[in-house]
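Colleague: Structure file coords.txt, compact mmCIF, C-alpha atoms and all ligand atoms, is pasted below:
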# COMPACT_ATOMS: atom_id res chain seq x y z
CA MET L 1 0.15 -8.19 -14.07
CA SER L 2 3.45 -7.31 -12.44
CA GLY L 3 6.83 -8.30 -13.84
CA GLU L 4 8.01 -10.70 -11.13
CA PHE L 5 4.82 -12.74 -11.10
CA GLU L 6 4.43 -12.67 -14.90
CA LEU L 7 8.01 -13.96 -15.19
CA ILE L 8 7.23 -16.86 -12.83
CA ARG L 9 3.95 -17.58 -14.59
CA ARG L 10 5.45 -17.53 -18.09
CA HIS L 11 8.65 -19.47 -17.52
CA PHE L 12 8.37 -21.57 -14.39
CA THR L 13 4.74 -22.51 -13.95
CA ARG L 14 3.91 -26.02 -15.18
CA THR L 15 0.96 -28.17 -14.31
CA ALA L 16 1.83 -29.97 -11.07
CA PRO L 17 1.61 -33.76 -11.09
CA ALA L 18 -1.76 -35.12 -10.02
CA GLY L 19 -2.23 -34.82 -6.29
CA MET L 20 0.47 -32.16 -5.79
CA LEU L 21 0.02 -28.43 -5.26
CA GLY L 22 2.72 -26.68 -7.32
CA VAL L 23 3.76 -23.09 -8.06
CA GLY L 24 1.44 -20.32 -6.88
CA ASP L 25 0.86 -20.70 -3.15
CA ASP L 26 2.96 -19.94 -0.05
CA CYS L 27 4.20 -23.54 -0.02
CA ALA L 28 4.02 -26.45 -2.41
CA LEU L 29 2.24 -29.53 -1.05
CA LEU L 30 3.86 -32.86 -1.88
CA SER L 31 1.87 -36.08 -1.89
CA PRO L 32 -1.13 -34.41 -0.31
CA SER L 33 -2.73 -37.61 0.86
CA ALA L 34 -3.48 -37.69 4.56
CA ASP L 35 -0.36 -35.79 5.68
CA ALA L 36 1.23 -33.56 3.06
CA THR L 37 4.78 -32.23 3.13
CA ALA L 38 4.73 -28.43 2.73
CA VAL L 39 7.84 -26.94 1.09
CA SER L 40 8.92 -23.33 0.67
CA THR L 41 12.18 -21.58 -0.21
CA ASP L 42 13.33 -17.98 0.16
CA LEU L 43 16.48 -16.15 -0.91
CA LEU L 44 17.94 -13.22 1.00
CA VAL L 45 20.40 -11.11 -0.99
CA GLU L 46 22.70 -8.51 0.57
CA GLY L 47 21.83 -5.01 -0.59
CA ARG L 48 18.35 -6.09 -1.62
CA HIS L 49 16.87 -7.87 1.40
CA PHE L 50 19.30 -6.73 4.09
CA PHE L 51 21.85 -3.99 4.72
CA PRO L 52 25.52 -5.08 4.67
CA ASP L 53 25.95 -3.88 8.26
CA VAL L 54 22.78 -5.55 9.64
CA ASP L 55 23.08 -7.20 13.07
CA PRO L 56 24.02 -10.80 12.08
CA ARG L 57 21.92 -12.23 14.92
CA ALA L 58 18.85 -10.45 13.53
CA LEU L 59 19.73 -11.67 10.02
CA GLY L 60 19.91 -15.28 11.24
CA HIS L 61 16.51 -14.85 12.88
CA LYS L 62 14.88 -13.19 9.88
CA SER L 63 16.18 -15.62 7.27
CA LEU L 64 14.42 -18.49 9.05
CA ALA L 65 11.42 -16.37 10.14
CA VAL L 66 10.40 -15.56 6.55
CA ASN L 67 10.37 -19.28 5.73
CA LEU L 68 8.45 -20.22 8.87
CA SER L 69 5.98 -17.53 7.85
CA ASP L 70 5.22 -19.38 4.60
CA LEU L 71 4.54 -22.57 6.59
CA ALA L 72 2.25 -20.52 8.87
CA ALA L 73 0.36 -19.27 5.82
CA MET L 74 -0.40 -22.90 4.85
CA GLY L 75 -1.31 -24.00 8.39
CA ALA L 76 1.74 -26.32 8.33
CA LYS L 77 3.79 -27.48 11.30
CA PRO L 78 7.58 -26.98 10.90
CA THR L 79 9.60 -30.17 10.31
CA ALA L 80 13.17 -29.16 9.31
CA PHE L 81 15.15 -26.83 7.04
CA VAL L 82 18.30 -26.71 4.89
CA LEU L 83 20.57 -23.67 4.55
CA GLY L 84 22.49 -22.42 1.49
CA LEU L 85 25.25 -19.87 2.14
CA ALA L 86 27.24 -17.90 -0.44
CA LEU L 87 29.84 -15.92 1.52
CA PRO L 88 32.40 -13.37 0.37
CA LEU L 89 35.77 -13.77 2.17
CA PRO L 90 35.26 -10.91 4.68
CA ARG L 91 32.15 -12.75 5.93
CA VAL L 92 34.17 -15.83 6.82
CA ASP L 93 34.52 -14.32 10.23
CA ASP L 94 33.90 -16.26 13.43
CA ALA L 95 32.21 -13.43 15.30
CA TRP L 96 29.82 -12.67 12.43
CA LEU L 97 29.01 -16.33 11.76
CA SER L 98 28.51 -17.16 15.46
CA ALA L 99 26.08 -14.30 15.87
CA PHE L 100 24.23 -15.29 12.66
CA ALA L 101 24.03 -18.91 13.86
CA ALA L 102 22.84 -17.84 17.32
CA GLY L 103 19.91 -15.89 15.82
CA LEU L 104 19.11 -18.73 13.45
CA PHE L 105 19.18 -21.52 16.04
CA ALA L 106 17.31 -19.56 18.71
CA LEU L 107 14.32 -19.39 16.36
CA ALA L 108 14.82 -22.93 15.05
CA ASP L 109 14.79 -24.27 18.62
CA ALA L 110 11.76 -22.18 19.56
CA TYR L 111 9.79 -23.79 16.70
CA GLY L 112 11.28 -27.30 16.96
CA CYS L 113 12.62 -26.99 13.41
CA PRO L 114 16.13 -28.48 13.08
CA LEU L 115 18.76 -27.58 10.46
CA VAL L 116 19.45 -30.85 8.61
CA GLY L 117 21.75 -29.85 5.72
CA GLY L 118 22.67 -27.22 3.19
CA ASP L 119 25.51 -26.01 1.00
CA THR L 120 28.29 -23.44 1.51
CA THR L 121 30.28 -21.67 -1.16
CA ARG L 122 32.49 -18.62 -1.63
CA SER L 123 30.87 -15.61 -3.27
CA ASP L 124 32.74 -13.04 -5.34
CA THR L 125 29.98 -10.49 -4.79
CA GLY L 126 27.81 -10.11 -1.67
CA THR L 127 26.33 -12.52 0.84
CA THR L 128 23.37 -14.61 -0.33
CA LEU L 129 21.34 -16.83 2.00
CA SER L 130 18.87 -19.44 0.89
CA ILE L 131 16.63 -21.48 3.16
CA THR L 132 14.33 -24.28 2.10
CA ILE L 133 11.90 -25.33 4.77
CA PHE L 134 9.70 -28.40 5.17
CA GLY L 135 6.53 -28.74 7.20
CA SER L 136 3.56 -31.04 7.50
CA VAL L 137 -0.16 -30.46 7.24
CA PRO L 138 -3.14 -32.77 6.68
CA ALA L 139 -3.90 -32.04 3.02
CA GLN L 140 -7.55 -31.23 3.68
CA ALA L 141 -6.65 -28.73 6.40
CA ALA L 142 -4.01 -26.79 4.40
CA LEU L 143 -4.78 -23.07 4.11
CA ARG L 144 -4.55 -22.45 0.37
CA ARG L 145 -4.85 -19.12 -1.39
CA SER L 146 -7.73 -20.40 -3.50
CA GLY L 147 -10.38 -21.06 -0.84
CA ALA L 148 -11.92 -17.60 -0.27
CA ARG L 149 -15.65 -17.36 -1.01
CA PRO L 150 -18.06 -14.39 -1.34
CA GLY L 151 -19.40 -13.49 2.10
CA ASP L 152 -16.21 -14.50 3.94
CA ASP L 153 -14.65 -12.02 6.34
CA ILE L 154 -11.09 -10.80 5.66
CA TRP L 155 -8.81 -10.80 8.68
CA VAL L 156 -5.26 -9.71 9.40
CA SER L 157 -3.04 -10.59 12.37
CA GLY L 158 -0.97 -8.14 14.41
CA THR L 159 -0.35 -4.65 13.03
CA LEU L 160 0.89 -3.58 9.58
CA GLY L 161 3.22 -0.85 8.40
CA ASP L 162 5.98 -0.75 11.03
CA ALA L 163 8.54 -2.67 8.97
CA ASP L 164 7.93 -0.44 5.95
CA LEU L 165 8.23 2.72 8.02
CA ALA L 166 11.49 1.49 9.59
CA LEU L 167 12.88 0.62 6.17
CA ARG L 168 12.05 4.06 4.76
CA LEU L 169 13.85 5.68 7.69
CA LEU L 170 16.89 3.40 7.34
CA LEU L 171 17.00 4.13 3.60
CA GLY L 172 17.13 7.82 4.50
CA GLU L 173 13.94 8.83 2.67
CA ARG L 174 13.88 12.51 3.52
CA ASP L 175 10.17 13.18 3.07
CA VAL L 176 8.82 10.71 5.67
CA PRO L 177 6.70 12.98 7.91
CA VAL L 178 8.01 12.12 11.38
CA ALA L 179 9.30 14.68 13.87
CA ASP L 180 11.70 12.45 15.79
CA ARG L 181 13.29 9.98 13.36
CA ALA L 182 15.40 8.25 16.01
CA ALA L 183 12.41 7.60 18.27
CA VAL L 184 10.21 6.32 15.43
CA LEU L 185 13.02 4.10 14.15
CA ALA L 186 13.56 2.69 17.65
CA ALA L 187 9.83 1.89 17.87
CA THR L 188 9.54 0.22 14.45
CA ARG L 189 12.90 -1.40 13.72
CA GLY L 190 12.07 -4.62 15.60
CA ALA L 191 9.23 -5.33 13.15
CA LEU L 192 11.65 -5.11 10.22
CA GLU L 193 14.57 -7.03 11.70
CA TRP L 194 12.92 -9.47 14.14
CA PRO L 195 9.60 -10.54 12.57
CA GLU L 196 7.73 -13.20 14.56
CA PRO L 197 6.32 -15.88 12.26
CA ARG L 198 2.63 -16.61 13.00
CA VAL L 199 3.03 -20.38 13.09
CA ALA L 200 0.73 -20.89 16.09
CA LEU L 201 -1.99 -18.84 14.42
CA GLY L 202 -1.66 -20.81 11.17
CA LEU L 203 -2.09 -24.06 13.09
CA ALA L 204 -5.05 -22.68 15.06
CA LEU L 205 -6.75 -21.63 11.79
CA ARG L 206 -6.76 -25.16 10.33
CA GLY L 207 -10.32 -26.08 9.50
CA LEU L 208 -11.42 -22.50 10.21
CA ALA L 209 -9.86 -20.16 7.64
CA SER L 210 -10.96 -20.61 4.03
CA ALA L 211 -7.75 -19.08 2.58
CA ALA L 212 -4.53 -17.51 3.88
CA ILE L 213 -1.33 -15.78 2.76
CA ASP L 214 1.54 -14.17 4.64
CA ILE L 215 2.13 -10.50 3.93
CA SER L 216 5.60 -10.26 2.44
CA ASP L 217 4.94 -7.82 -0.42
CA GLY L 218 2.20 -5.57 0.98
CA LEU L 219 -1.41 -6.22 2.03
CA LEU L 220 -3.02 -5.02 -1.22
CA GLN L 221 -0.77 -7.14 -3.42
CA ASP L 222 -0.87 -10.23 -1.22
CA LEU L 223 -4.64 -10.08 -0.69
CA GLY L 224 -4.83 -9.60 -4.47
CA HIS L 225 -3.12 -13.00 -4.88
CA VAL L 226 -5.76 -14.64 -2.65
CA LEU L 227 -8.61 -13.01 -4.59
CA ALA L 228 -7.09 -13.95 -7.95
CA ALA L 229 -6.57 -17.57 -6.84
CA SER L 230 -10.12 -17.70 -5.44
CA GLY L 231 -11.82 -15.95 -8.37
CA CYS L 232 -13.43 -13.37 -6.04
CA GLY L 233 -13.39 -9.64 -5.32
CA ALA L 234 -13.42 -7.83 -2.00
CA ARG L 235 -14.20 -4.65 -0.17
CA LEU L 236 -11.52 -3.55 2.28
CA CYS L 237 -11.89 -0.81 4.87
CA ALA L 238 -8.53 1.00 4.91
CA ASP L 239 -9.19 2.59 8.30
CA ASP L 240 -9.86 -0.79 9.93
CA VAL L 241 -6.36 -2.07 9.09
CA PRO L 242 -4.59 -2.34 12.48
CA VAL L 243 -1.48 -0.18 12.93
CA SER L 244 0.94 0.59 15.75
CA PRO L 245 1.00 4.01 17.44
CA ALA L 246 4.02 4.97 15.28
CA VAL L 247 2.13 4.32 12.04
CA ALA L 248 -1.13 5.76 13.42
CA ALA L 249 0.69 9.05 14.01
CA LEU L 250 1.49 9.46 10.28
CA PRO L 251 -0.74 11.63 8.03
CA ALA L 252 -3.44 9.46 6.39
CA PRO L 253 -1.80 9.01 2.95
CA TRP L 254 1.45 7.87 4.54
CA ARG L 255 -0.35 5.68 7.05
CA ARG L 256 -2.10 3.91 4.19
CA ARG L 257 1.07 3.63 2.13
CA CYS L 258 2.86 1.88 5.00
CA ALA L 259 -0.07 -0.26 6.16
CA LEU L 260 -1.62 -1.21 2.79
CA GLY L 261 1.45 -1.19 0.54
CA GLY L 262 4.34 -1.92 2.89
CA GLY L 263 6.13 -5.25 2.61
CA ASP L 264 8.06 -7.35 5.12
CA ALA L 265 5.15 -7.49 7.61
CA TYR L 266 4.99 -11.31 7.92
CA GLU L 267 1.53 -11.10 9.40
CA LEU L 268 -1.18 -13.45 8.10
CA CYS L 269 -4.05 -12.20 5.96
CA PHE L 270 -6.81 -14.80 5.91
CA THR L 271 -10.47 -15.27 5.10
CA ALA L 272 -13.10 -17.16 7.08
CA PRO L 273 -16.87 -17.57 6.89
CA ALA L 274 -18.76 -14.88 8.83
CA GLU L 275 -20.37 -17.52 11.10
CA ALA L 276 -16.86 -18.51 12.29
CA ARG L 277 -16.12 -15.04 13.75
CA ALA L 278 -16.18 -16.08 17.40
CA ARG L 279 -14.06 -19.18 16.71
CA VAL L 280 -11.50 -17.09 14.78
CA ALA L 281 -11.24 -14.70 17.72
CA GLU L 282 -10.73 -17.69 20.06
CA ALA L 283 -8.10 -19.22 17.77
CA ALA L 284 -6.18 -15.92 17.66
CA ALA L 285 -6.38 -15.58 21.44
CA ARG L 286 -5.06 -19.14 21.82
CA ALA L 287 -2.19 -18.27 19.47
CA GLY L 288 -1.45 -15.13 21.48
CA VAL L 289 -1.89 -12.69 18.59
CA ALA L 290 -4.48 -10.08 17.72
CA ALA L 291 -6.71 -10.68 14.70
CA THR L 292 -8.71 -7.84 13.17
CA ARG L 293 -11.52 -7.93 10.64
CA ILE L 294 -10.71 -5.55 7.76
CA GLY L 295 -13.25 -6.31 5.05
CA ALA L 296 -15.30 -8.90 3.24
CA VAL L 297 -14.93 -11.07 0.16
CA ASP L 298 -17.56 -10.57 -2.55
CA ALA L 299 -18.19 -11.61 -6.11
CA GLY L 300 -16.11 -8.68 -7.37
CA PRO L 301 -14.74 -7.47 -9.59
CA GLY L 302 -11.44 -6.48 -8.02
CA LEU L 303 -10.43 -5.11 -4.65
CA ARG L 304 -12.29 -1.96 -3.63
CA VAL L 305 -10.69 0.00 -0.78
CA VAL L 306 -12.92 2.40 1.18
CA ASP L 307 -12.44 4.72 4.15
CA ALA L 308 -14.40 4.70 7.42
CA GLY L 309 -17.24 6.61 5.71
CA GLY L 310 -17.48 4.05 2.89
CA MET L 311 -15.89 6.40 0.30
CA PRO L 312 -13.24 5.06 -2.12
CA VAL L 313 -9.72 5.83 -0.90
CA PRO L 314 -8.16 8.20 -3.44
CA ASP L 315 -4.43 7.94 -2.75
CA LEU L 316 -3.94 4.18 -2.73
CA PRO L 317 -0.48 2.72 -2.98
CA ARG L 318 -0.41 1.39 -6.54
CA ALA L 319 1.00 -2.05 -5.72
CA GLY L 320 3.25 -3.87 -3.33
CA PHE L 321 6.79 -4.98 -3.87
CA ASP L 322 7.87 -6.45 -7.20
CA HIS L 323 11.49 -7.37 -7.98
CA PHE L 324 11.01 -6.75 -11.71
CA PRO L 325 8.43 -3.97 -11.99
CA MET L 326 7.01 -3.26 -15.44
CA PRO L 327 7.34 0.29 -16.84
CA VAL L 328 4.81 2.50 -15.07
CA ASP L 329 2.34 4.89 -16.68
CA PRO L 330 3.69 8.23 -15.34
CA ALA L 331 0.12 9.53 -15.07
CA ALA L 332 -0.83 6.70 -12.71
CA GLY L 333 1.34 7.83 -9.79
CA SER L 334 3.43 5.35 -7.86
CA LEU L 335 4.81 4.38 -4.52
CA PRO L 336 8.59 4.45 -4.13
CA GLU L 337 10.10 0.95 -4.19
CA THR L 338 11.03 0.00 -0.66
CA SER L 339 12.54 -3.44 -0.28
P1 LIG F 1 6.09 -16.04 -1.24
O1 LIG F 1 6.05 -14.53 -1.15
O2 LIG F 1 4.95 -16.70 -0.53
O3 LIG F 1 7.43 -16.62 -0.85
P2 LIG F 1 6.50 -15.60 -4.02
O4 LIG F 1 5.73 -14.36 -4.26
O5 LIG F 1 7.98 -15.49 -3.84
O6 LIG F 1 5.87 -16.39 -2.78
O7 LIG F 1 6.24 -16.62 -5.23
C1 LIG F 1 4.94 -16.85 -5.72
C2 LIG F 1 4.83 -18.31 -6.17
O8 LIG F 1 5.74 -18.56 -7.24
C3 LIG F 1 5.19 -19.32 -5.08
O9 LIG F 1 4.34 -20.44 -5.20
C4 LIG F 1 6.63 -19.71 -5.40
O10 LIG F 1 6.94 -21.02 -4.97
C5 LIG F 1 6.63 -19.63 -6.92
N1 LIG F 1 7.96 -19.32 -7.50
C6 LIG F 1 8.70 -18.20 -7.32
N2 LIG F 1 9.85 -18.24 -8.03
C7 LIG F 1 9.86 -19.45 -8.69
C8 LIG F 1 10.76 -20.11 -9.57
N3 LIG F 1 11.93 -19.54 -9.93
N4 LIG F 1 10.44 -21.33 -10.03
C9 LIG F 1 9.26 -21.91 -9.66
N5 LIG F 1 8.35 -21.34 -8.84
C10 LIG F 1 8.63 -20.13 -8.35
MG MG F 2 4.23 -16.24 1.34
Output the structure of this file as C-alpha cells.
Ligand code: ADP
Ligand code: MG
Modeller:
Amino acid sequence: MSGEFELIRRHFTRTAPAGMLGVGDDCALLSPSADATAVSTDLLVEGRHFFPDVDPRALGHKSLAVNLSDLAAMGAKPTAFVLGLALPLPRVDDAWLSAFAAGLFALADAYGCPLVGGDTTRSDTGTTLSITIFGSVPAQAALRRSGARPGDDIWVSGTLGDADLALRLLLGERDVPVADRAAVLAATRGALEWPEPRVALGLALRGLASAAIDISDGLLQDLGHVLAASGCGARLCADDVPVSPAVAALPAPWRRRCALGGGDAYELCFTAPAEARARVAEAAARAGVAATRIGAVDAGPGLRVVDAGGMPVPDLPRAGFDHFPMPVDPAAGSLPETS
C-alpha cells in the first residue's frame, strides 16, 4: 500500500451515510437516488503540479480539465464549479490573471460548466489553485471503480505516455533516450499542458462500462485501484497499450515506463463485458476518441503484465505517482518520481 492512499484510508475514510458514495472513487455521489450529484476536488500546487513559468492560459485549462476528467470517469455531466485561489503578490498581475481566466473559461464554456463561486486569498509561498466540480449522473448509470467482473475487457482511450515523456524532458532528465529533444518536446507537450477531458466518452459509456477511472497517476496504479475496488485481478498486454509515434520511438523499457507508469494522461481506463465490444467501439466513435482493448479482468490474484508473446514483462515501472511514497526496498528497483 502506498503512502498517499494509506494516509487517506487511515485518517480520512469514514463510512459514508446510507445512500451516498464517499471516499475512494473519482467522485463522491450525493443522494444517489434517481439523479445523483457527483462531486470532485483537485489541488494544483506550484512547483509540484505546474512550473512557475507555465503558460497561464494552459494552467487555466488544465486546472479545470483535471476536474472534468473525474466527472468523465464517473459518467457524470458537468453542472458547475467553484475556484479557490491562493496568490502570492507577484501573481496579482492583470496579464497573468487574464490569460489564466481565458484558458479556464474557454474550457468551461466548451463543456457548459459555469464558475459559480470560490475564494481568493494572498499566499506567502507559491500559487495554489483548488477547483471543486459538480456534475450529475443517474445513480444506477454511474461508472464506479468497483464494478469490474472476471471476463470483462479492459479498455483505454486515446494514447498514453506523452505527458510523462514531456514532463521528463522539461525536468531536464538527461538519460531520456531521444535524439532531438526539442522535436519530441514539441510533439508531446500539448498532452501535458492541454489535456482534453473525456467527458463525452464517459457519458457514452453509461450503461455500457462496468467500471472506470481516469488515469492521473499512471495506468498500472489507476487500474490497480479499479481491481482492488472490484476484488478482481487482470492480465494486461503491455504492447497493446496505445502510444503516440513519439512514445513508440522509445526503447521498450522507456516506452513501458511512460505508457504504463506515466501520470497526467487524463485518458479513461474502463472495463466492459466482452459481449459489449461492438457497442463500446460505437460509443467511442460517437465521442470522437479512440478506444483500445488492452487486457482482460480475471479472478486474480493481482495484475499480470505480459508482452506480445504472452511472457511476463520484466522491467515494469514499480508504481505510479504517490505524493508520500513509502521507503523503497533498494533491491526492488524504482521509477524516478515524475510529477
Ligand atoms: P483522483 O486521482 O481521482 O482525484 P485521488 O487519488 O486524489 O483521486 O484520491 C483517491 C480518493 O480519496 C478519492 O475518492 C478522493 O476523494 C479521496 N480523498 C483524497 N484526499 C482526501 C482527503 N483529504 N479527505 C477525504 N478524502 C480524500
Ligand atoms: Mg480520478
Colleague: CA of Leu268 in chain L and CA of Val82 in chain L, how far apart in Å?
Modeller: 23.8 Å
Colleague: At a cut-off of 7 Å and counting only C-alpha atoms and all ligand atoms, what residues surround ligand LIG 1 (chain F)? Please answer as JSON, numbers by chain.
Modeller: {"L": [5, 8, 12, 13, 22, 23, 24, 25, 26, 27, 28, 40, 41, 42, 70, 214, 216, 217]}
Colleague: When you look at range 189-204 of chain L with a cut-off of 7 Å (counting only C-alpha atoms), what residues show up, excluding the ones that are within fewer than 3 positions of it in the same chain? I need them as an MDAnalysis selection string.
Modeller: chainID L and resid 58 61:62 65 68:69 72:76 162:163 166 185:186 264 266:268 283:284 287
Colleague: Can you work out the spacing between CA of Leu205 in chain L and CA of Leu220 in chain L in Å, to one decimal?
Modeller: 21.4 Å
Colleague: Using only C-alpha atoms, find the one residue out of L:Gly207, L:Gly231, L:Gly263, L:Pro150 that sits nearest to Arg279 in chain L.
Modeller: L:Gly207
Colleague: Which is closest to Asp298 in chain L among L:Ile213, L:Ala265, L:Leu87, L:Ala234, if we use only C-alpha atoms?
Modeller: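 Closest to Asp298 in chain L, using only C-alpha atoms: L:Ala234.
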Colleague: Could you name the residues that touch Ala34 in chain L at 9 Å or less, counting all atoms listed in the file, but leaving out those on the same chain fewer than 4 positions away, as a count of residues only?
Modeller: 4
Colleague: When you look at Ala291 in chain L with a cut-off of 9 Å (counting all atoms listed in the file), what residues show up, excluding the ones that are within fewer than 6 positions of it in the same chain? I need them as a ChimeraX atom specification.
Modeller: /L:155-159,242,280-281,284-285
Colleague: Have a look at L:Thr188, L:Thr128, L:Thr292, L:Ser146 and name the one nearest to Ser230 in chain L; count only C-alpha atoms.
Modeller: L:Ser146
Colleague: Which one is closest to Ala102 in chain L: L:Arg168, L:Leu59, L:Arg10, L:Gly309? Count all atoms listed in the file.
Modeller: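 Of all the options, L:Leu59 lies closest to Ala102 in chain L.
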Colleague: In the coordinates of the file, take the point (17.4, -7.6, 3.5) and a cut-off of 9 Å; then, counting only C-alpha atoms, name each qualifying protein, DNA or RNA residue as a ChimeraX atom specification.
Modeller: /L:44-52,54,59,62-63,193,339
Colleague: Check the smallest atom-to-atom distance from each of L:Gly233, L:Trp254, L:Val184, L:Thr271 to Gly302 in chain L using only C-alpha atoms, then report the winner.
Modeller: L:Gly233
Colleague: I'd like the contact shell of Ala101 in chain L - 9 Å cut-off, only C-alpha atoms, skipping same-chain residues fewer than 5 positions apart - returned as a ChimeraX atom specification.
Modeller: /L:56-57,60-61,96,106
Colleague: Pick out the closest residue to Gly3 in chain L from this set: L:Pro317, L:Arg277, L:Pro325, L:Leu129. Count all atoms listed in the file.
Modeller: L:Pro325
Colleague: As an exercise, work out the distance from CA of Val39 in chain L to CA of Leu71 in chain L in Å and give it to one decimal place.
Modeller: 7.8 Å
Colleague: What would range 189-203 of chain L look like with N, CA and C atoms in place, written as a PDB file, in the frame of the given file?
Modeller:
ATOM      1  N   ARG L 189      11.818  -0.609  14.291  1.00  0.00           N
ATOM      2  CA  ARG L 189      12.900  -1.400  13.720  1.00  0.00           C
ATOM      3  C   ARG L 189      12.764  -2.903  14.021  1.00  0.00           C
ATOM      4  N   GLY L 190      12.239  -3.216  15.217  1.00  0.00           N
ATOM      5  CA  GLY L 190      12.070  -4.620  15.600  1.00  0.00           C
ATOM      6  C   GLY L 190      11.170  -5.360  14.614  1.00  0.00           C
ATOM      7  N   ALA L 191      10.147  -4.679  14.098  1.00  0.00           N
ATOM      8  CA  ALA L 191       9.230  -5.330  13.150  1.00  0.00           C
ATOM      9  C   ALA L 191       9.962  -5.690  11.867  1.00  0.00           C
ATOM     10  N   LEU L 192      10.900  -4.851  11.454  1.00  0.00           N
ATOM     11  CA  LEU L 192      11.650  -5.110  10.220  1.00  0.00           C
ATOM     12  C   LEU L 192      12.689  -6.202  10.418  1.00  0.00           C
ATOM     13  N   GLU L 193      13.405  -6.155  11.536  1.00  0.00           N
ATOM     14  CA  GLU L 193      14.570  -7.030  11.700  1.00  0.00           C
ATOM     15  C   GLU L 193      14.285  -8.315  12.488  1.00  0.00           C
ATOM     16  N   TRP L 194      13.235  -8.309  13.292  1.00  0.00           N
ATOM     17  CA  TRP L 194      12.920  -9.470  14.140  1.00  0.00           C
ATOM     18  C   TRP L 194      11.453  -9.886  13.957  1.00  0.00           C
ATOM     19  N   PRO L 195      11.013 -10.154  12.739  1.00  0.00           N
ATOM     20  CA  PRO L 195       9.600 -10.540  12.570  1.00  0.00           C
ATOM     21  C   PRO L 195       9.323 -11.865  13.273  1.00  0.00           C
ATOM     22  N   GLU L 196       8.126 -11.978  13.861  1.00  0.00           N
ATOM     23  CA  GLU L 196       7.730 -13.200  14.560  1.00  0.00           C
ATOM     24  C   GLU L 196       6.791 -13.978  13.659  1.00  0.00           C
ATOM     25  N   PRO L 197       7.199 -15.138  13.168  1.00  0.00           N
ATOM     26  CA  PRO L 197       6.320 -15.880  12.260  1.00  0.00           C
ATOM     27  C   PRO L 197       5.073 -16.358  12.999  1.00  0.00           C
ATOM     28  N   ARG L 198       3.921 -16.316  12.337  1.00  0.00           N
ATOM     29  CA  ARG L 198       2.630 -16.610  13.000  1.00  0.00           C
ATOM     30  C   ARG L 198       2.272 -18.088  12.874  1.00  0.00           C
ATOM     31  N   VAL L 199       3.223 -18.931  13.245  1.00  0.00           N
ATOM     32  CA  VAL L 199       3.030 -20.380  13.090  1.00  0.00           C
ATOM     33  C   VAL L 199       1.867 -20.872  13.952  1.00  0.00           C
ATOM     34  N   ALA L 200       1.804 -20.423  15.197  1.00  0.00           N
ATOM     35  CA  ALA L 200       0.730 -20.890  16.090  1.00  0.00           C
ATOM     36  C   ALA L 200      -0.629 -20.476  15.547  1.00  0.00           C
ATOM     37  N   LEU L 201      -0.713 -19.291  14.990  1.00  0.00           N
ATOM     38  CA  LEU L 201      -1.990 -18.840  14.420  1.00  0.00           C
ATOM     39  C   LEU L 201      -2.364 -19.698  13.207  1.00  0.00           C
ATOM     40  N   GLY L 202      -1.392 -19.957  12.340  1.00  0.00           N
ATOM     41  CA  GLY L 202      -1.660 -20.810  11.170  1.00  0.00           C
ATOM     42  C   GLY L 202      -2.219 -22.158  11.591  1.00  0.00           C
ATOM     43  N   LEU L 203      -1.621 -22.750  12.622  1.00  0.00           N
ATOM     44  CA  LEU L 203      -2.090 -24.060  13.090  1.00  0.00           C
ATOM     45  C   LEU L 203      -3.506 -23.943  13.682  1.00  0.00           C
TER      46      LEU L 203
END
